[in-house]
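**Q** As input, take coords-v4.cif (mmCIF, C-alpha atoms):
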```cif
data_coords
loop_
_atom_site.group_PDB
_atom_site.id
_atom_site.type_symbol
_atom_site.label_atom_id
_atom_site.label_comp_id
_atom_site.auth_asym_id
_atom_site.auth_seq_id
_atom_site.Cartn_x
_atom_site.Cartn_y
_atom_site.Cartn_z
ATOM 1 C CA GLY A 5 186.212 111.984 121.523
ATOM 2 C CA ALA A 6 188.281 114.914 122.604
ATOM 3 C CA THR A 7 190.770 117.137 120.885
ATOM 4 C CA LEU A 8 193.707 118.953 122.340
ATOM 5 C CA LEU A 9 194.046 122.607 121.487
ATOM 6 C CA GLN A 10 195.719 123.209 118.173
ATOM 7 C CA GLU A 11 196.824 126.697 119.198
ATOM 8 C CA GLY A 12 198.035 128.036 122.487
ATOM 9 C CA GLU A 13 199.082 126.105 125.544
ATOM 10 C CA ALA A 14 196.681 124.164 127.742
ATOM 11 C CA ASP A 15 197.653 123.330 131.303
ATOM 12 C CA ILE A 16 194.440 121.505 132.256
ATOM 13 C CA PHE A 17 193.047 118.359 130.642
ATOM 14 C CA VAL A 18 189.635 117.025 131.699
ATOM 15 C CA HIS A 19 188.164 113.826 130.279
ATOM 16 C CA ILE A 20 184.558 112.884 131.022
ATOM 17 C CA ALA A 21 183.630 109.361 129.987
ATOM 18 C CA PRO A 22 180.573 108.973 127.799
ATOM 19 C CA ALA A 23 177.615 107.152 129.323
ATOM 20 C CA THR A 24 177.137 103.588 128.176
ATOM 21 C CA SER A 25 174.160 101.312 128.519
ATOM 22 C CA HIS A 26 174.062 98.516 131.069
ATOM 23 C CA VAL A 27 174.211 95.057 129.541
ATOM 24 C CA PRO A 28 174.260 92.006 131.841
ATOM 25 C CA ALA A 29 177.621 90.214 131.732
ATOM 26 C CA HIS A 30 176.225 87.038 130.185
ATOM 27 C CA GLU A 31 174.682 89.061 127.326
ATOM 28 C CA GLN A 32 177.698 91.245 126.646
ATOM 29 C CA SER A 33 179.580 90.757 123.406
ATOM 30 C CA HIS A 34 183.304 91.189 123.009
ATOM 31 C CA GLU A 35 182.517 94.252 120.882
ATOM 32 C CA ASP A 36 180.509 95.807 123.773
ATOM 33 C CA TRP A 37 183.357 95.039 126.175
ATOM 34 C CA ARG A 38 186.031 96.567 123.920
ATOM 35 C CA ARG A 39 183.931 99.657 123.151
ATOM 36 C CA THR A 40 183.507 100.438 126.855
ATOM 37 C CA LEU A 41 187.154 99.780 127.703
ATOM 38 C CA ASP A 42 188.289 101.828 124.723
ATOM 39 C CA ALA A 43 186.209 104.848 125.777
ATOM 40 C CA GLY A 44 186.632 104.395 129.519
ATOM 41 C CA LEU A 45 190.302 103.497 129.683
ATOM 42 C CA ASP A 46 192.248 103.368 126.394
ATOM 43 C CA GLN A 47 191.225 106.797 125.080
ATOM 44 C CA ARG A 48 191.806 108.393 128.475
ATOM 45 C CA PHE A 49 195.345 107.019 128.594
ATOM 46 C CA LEU A 50 196.182 107.993 125.012
ATOM 47 C CA GLN A 51 194.800 111.528 125.308
ATOM 48 C CA ALA A 52 196.349 112.117 128.738
ATOM 49 C CA SER A 53 199.707 110.878 127.419
ATOM 50 C CA GLU A 54 199.540 113.340 124.532
ATOM 51 C CA PHE A 55 198.698 116.170 126.950
ATOM 52 C CA ALA A 56 201.582 115.142 129.242
ATOM 53 C CA LYS A 57 204.019 115.101 126.297
ATOM 54 C CA GLN A 58 203.003 118.660 125.427
ATOM 55 C CA CYS A 59 203.484 119.798 129.033
ATOM 56 C CA GLN A 60 206.868 118.062 129.243
ATOM 57 C CA ALA A 61 208.004 119.615 125.945
ATOM 58 C CA ARG A 62 207.190 123.081 127.332
ATOM 59 C CA GLY A 63 208.827 122.297 130.667
ATOM 60 C CA GLN A 64 205.580 123.168 132.445
ATOM 61 C CA GLY A 65 203.335 121.177 134.723
ATOM 62 C CA GLY A 66 199.637 120.647 134.345
ATOM 63 C CA ALA A 67 196.556 118.978 135.749
ATOM 64 C CA ILE A 68 194.715 115.972 134.378
ATOM 65 C CA LEU A 69 191.254 115.111 135.674
ATOM 66 C CA PHE A 70 189.251 112.047 134.724
ATOM 67 C CA VAL A 71 185.525 111.968 135.542
ATOM 68 C CA GLY A 72 183.482 108.784 135.309
ATOM 69 C CA ALA A 73 181.062 106.427 137.001
ATOM 70 C CA PRO A 74 182.001 104.423 140.113
ATOM 71 C CA GLU A 75 183.060 100.774 139.756
ATOM 72 C CA GLN A 76 179.928 99.349 141.333
ATOM 73 C CA SER A 77 177.617 101.482 139.216
ATOM 74 C CA ALA A 78 176.609 99.335 136.305
ATOM 75 C CA GLY A 79 177.802 96.536 134.086
ATOM 76 C CA VAL A 80 180.937 94.466 134.320
ATOM 77 C CA ASP A 81 182.517 96.370 131.431
ATOM 78 C CA GLN A 82 182.074 99.699 133.214
ATOM 79 C CA ALA A 83 183.359 98.182 136.454
ATOM 80 C CA ALA A 84 186.502 96.966 134.686
ATOM 81 C CA ALA A 85 187.071 100.365 133.071
ATOM 82 C CA ALA A 86 186.539 102.213 136.374
ATOM 83 C CA GLY A 87 188.845 99.832 138.251
ATOM 84 C CA GLY A 88 191.504 100.263 135.593
ATOM 85 C CA LEU A 89 191.031 104.022 135.707
ATOM 86 C CA GLY A 90 191.698 104.056 139.452
ATOM 87 C CA ASN A 91 195.006 102.258 138.974
ATOM 88 C CA LEU A 92 195.871 104.360 135.922
ATOM 89 C CA THR A 93 195.228 107.539 137.929
ATOM 90 C CA LYS A 94 197.433 106.422 140.818
ATOM 91 C CA THR A 95 200.266 105.227 138.571
ATOM 92 C CA LEU A 96 200.331 108.276 136.293
ATOM 93 C CA GLY A 97 199.973 110.530 139.341
ATOM 94 C CA VAL A 98 203.251 109.162 140.698
ATOM 95 C CA GLU A 99 205.053 108.866 137.344
ATOM 96 C CA TRP A 100 204.272 112.360 136.092
ATOM 97 C CA ALA A 101 204.593 114.136 139.463
ATOM 98 C CA ARG A 102 208.294 114.736 138.795
ATOM 99 C CA ASP A 103 207.223 116.768 135.743
ATOM 100 C CA GLY A 104 204.712 118.780 137.768
ATOM 101 C CA ILE A 105 201.751 117.032 136.132
ATOM 102 C CA ARG A 106 198.991 116.042 138.554
ATOM 103 C CA VAL A 107 196.527 113.254 137.721
ATOM 104 C CA ASN A 108 193.289 112.750 139.669
ATOM 105 C CA SER A 109 189.877 111.136 139.166
ATOM 106 C CA ILE A 110 186.327 111.756 140.320
ATOM 107 C CA LEU A 111 183.987 108.757 140.209
ATOM 108 C CA THR A 112 180.362 109.821 140.460
ATOM 109 C CA HIS A 113 176.834 109.690 139.084
ATOM 110 C CA ARG A 114 176.227 113.279 140.071
ATOM 111 C CA ASN A 115 176.263 116.205 137.691
ATOM 112 C CA ASP A 116 175.953 119.245 139.923
ATOM 113 C CA ASP A 117 177.808 121.964 141.807
ATOM 114 C CA THR A 118 179.330 119.471 144.237
ATOM 115 C CA VAL A 119 181.196 117.717 141.444
ATOM 116 C CA GLY A 120 181.958 121.001 139.690
ATOM 117 C CA ASN A 121 183.452 122.492 142.855
ATOM 118 C CA LEU A 122 185.581 119.402 143.481
ATOM 119 C CA ALA A 123 186.755 119.417 139.857
ATOM 120 C CA ALA A 124 187.636 123.118 140.062
ATOM 121 C CA TYR A 125 189.620 122.459 143.247
ATOM 122 C CA LEU A 126 191.510 119.467 141.811
ATOM 123 C CA VAL A 127 192.739 121.388 138.753
ATOM 124 C CA SER A 128 193.536 124.553 140.742
ATOM 125 C CA ASP A 129 196.766 125.632 142.409
ATOM 126 C CA TYR A 130 195.094 124.923 145.778
ATOM 127 C CA ALA A 131 195.533 121.218 145.000
ATOM 128 C CA ALA A 132 199.171 121.579 143.927
ATOM 129 C CA TYR A 133 200.191 118.578 146.046
ATOM 130 C CA VAL A 134 197.181 116.363 145.303
ATOM 131 C CA THR A 135 197.974 113.711 142.710
ATOM 132 C CA GLY A 136 196.960 110.109 142.202
ATOM 133 C CA ALA A 137 193.708 110.653 144.114
ATOM 134 C CA VAL A 138 190.553 108.759 143.178
ATOM 135 C CA MET A 139 187.583 110.467 144.801
ATOM 136 C CA GLY A 140 184.060 109.120 144.952
ATOM 137 C CA VAL A 141 181.169 111.586 145.125
ATOM 138 C CA ASP A 142 177.755 109.972 145.437
ATOM 139 C CA GLU A 143 174.679 109.841 147.604
ATOM 140 C CA HIS A 144 174.281 106.799 149.808
ATOM 141 C CA ASP A 145 170.912 105.452 150.892
#
```
Take the structure from the file and write it as structure tokens.
**A**
Amino acid sequence: GATLLQEGEADIFVHIAPATSHVPAHEQSHEDWRRTLDAGLDQRFLQASEFAKQCQARGQGGAILFVGAPEQSAGVDQAAAAGGLGNLTKTLGVEWARDGIRVNSILTHRNDDTVGNLAAYLVSDYAAYVTGAVMGVDEHD
């Protein structure tokens, strides 16, 4: 889980989804399904909404960045969460743009400077007009 700052004012919110294990669809329980969707979609929405409310109350914009695995990466539960995240990112990006809050996602398996540099760009002032973007960063064979 994540916690918003109790003191001070944050203008950047980054949520990185926890890794989950791959379970074939026919072996997946409803509990497995809900756990993945809760972590990969529900918690992101709830925490981003809380961050957005704080930004709106201050009359200041902000940047929200979700980082997770691509849709085609693993099990059906992760694919559903990633697909939902793409639509959530696009919808919130449009809805909160009028408040100066940008929402973007990076879908990747990588954990290196490439992803770090893209993340730094997306939450920076250089990306002031980038919102609702879902960017994939992966190697292709």
**Q** Written as a list in words, which residues does the PyMOL selection byres ((chain A and resi 26-39) around 12) give for the file shown?
**A**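 Selected by the PyMOL selection byres ((chain A and resi 26-39) around 12) in this file: Ala21, Pro22, Ala23, Thr24, Ser25, Thr40, Leu41, Asp42, Ala43, Gly44, Leu45, Asp46, Gln47, Gln76, Ser77, Ala78, Gly79, Val80, Asp81, Gln82, Ala83, Ala84 and Ala85 of chain A.
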**Q** As a PyMOL selection string, please: the residues near A:Asp103 (cut-off 9 Å, only C-alpha atoms, same-chain neighbours under 5 positions excluded).
**A** chain A and resi 56+59-60+63-66
**Q** In Å to one decimal, how far is atom CA of A:Asp116 from atom CA of A:Ala73?
**A**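 These atoms are spaced 14.1 Å apart.
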**Q** Using only C-alpha atoms, which of A:Leu122, A:Ala61, A:Ala52, A:Val141 sits nearest A:Val107?
**A** A:Ala52
**Q** When the PyMOL selection byres ((chain A and resi 72) around 8) is applied to the file above, which residues end up in the set, as an MDAnalysis selection string?
**A** chainID A and resid 20:21 44 70:71 73:74 86 109:113
**Q** Go through A:Lys94, A:Arg62, A:Arg48, A:Arg114 one by one, measure the shortest atom-to-atom distance of each to A:Val134 using all atoms listed in the file, and give the residue with the smallest value.
**A**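 Of all the options, A:Lys94 lies closest to A:Val134.
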**Q** For atom CA of A:Gly88 and atom CA of A:Thr135, quote the distance in Å rounded to one decimal.
**A**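 Atom-to-atom, atom CA of A:Gly88 and atom CA of A:Thr135 are spaced 16.5 Å apart.
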**Q** Atom CA of A:Leu50 to atom CA of A:Thr118: how many Å, to one decimal?
**A**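 It comes out at 28.0 Å.
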**Q** Between A:Ala101, A:Glu75, A:Val127, A:Asn115, which has the minimum distance to A:Val18 (counting all atoms listed in the file)?
**A** A:Val127
**Q** Residues picked by the PyMOL selection byres ((chain A and resi 93) around 7) here, as JSON, numbers by chain?
**A** {"A": [89, 90, 91, 92, 94, 95, 96, 97, 107, 108, 109, 136]}
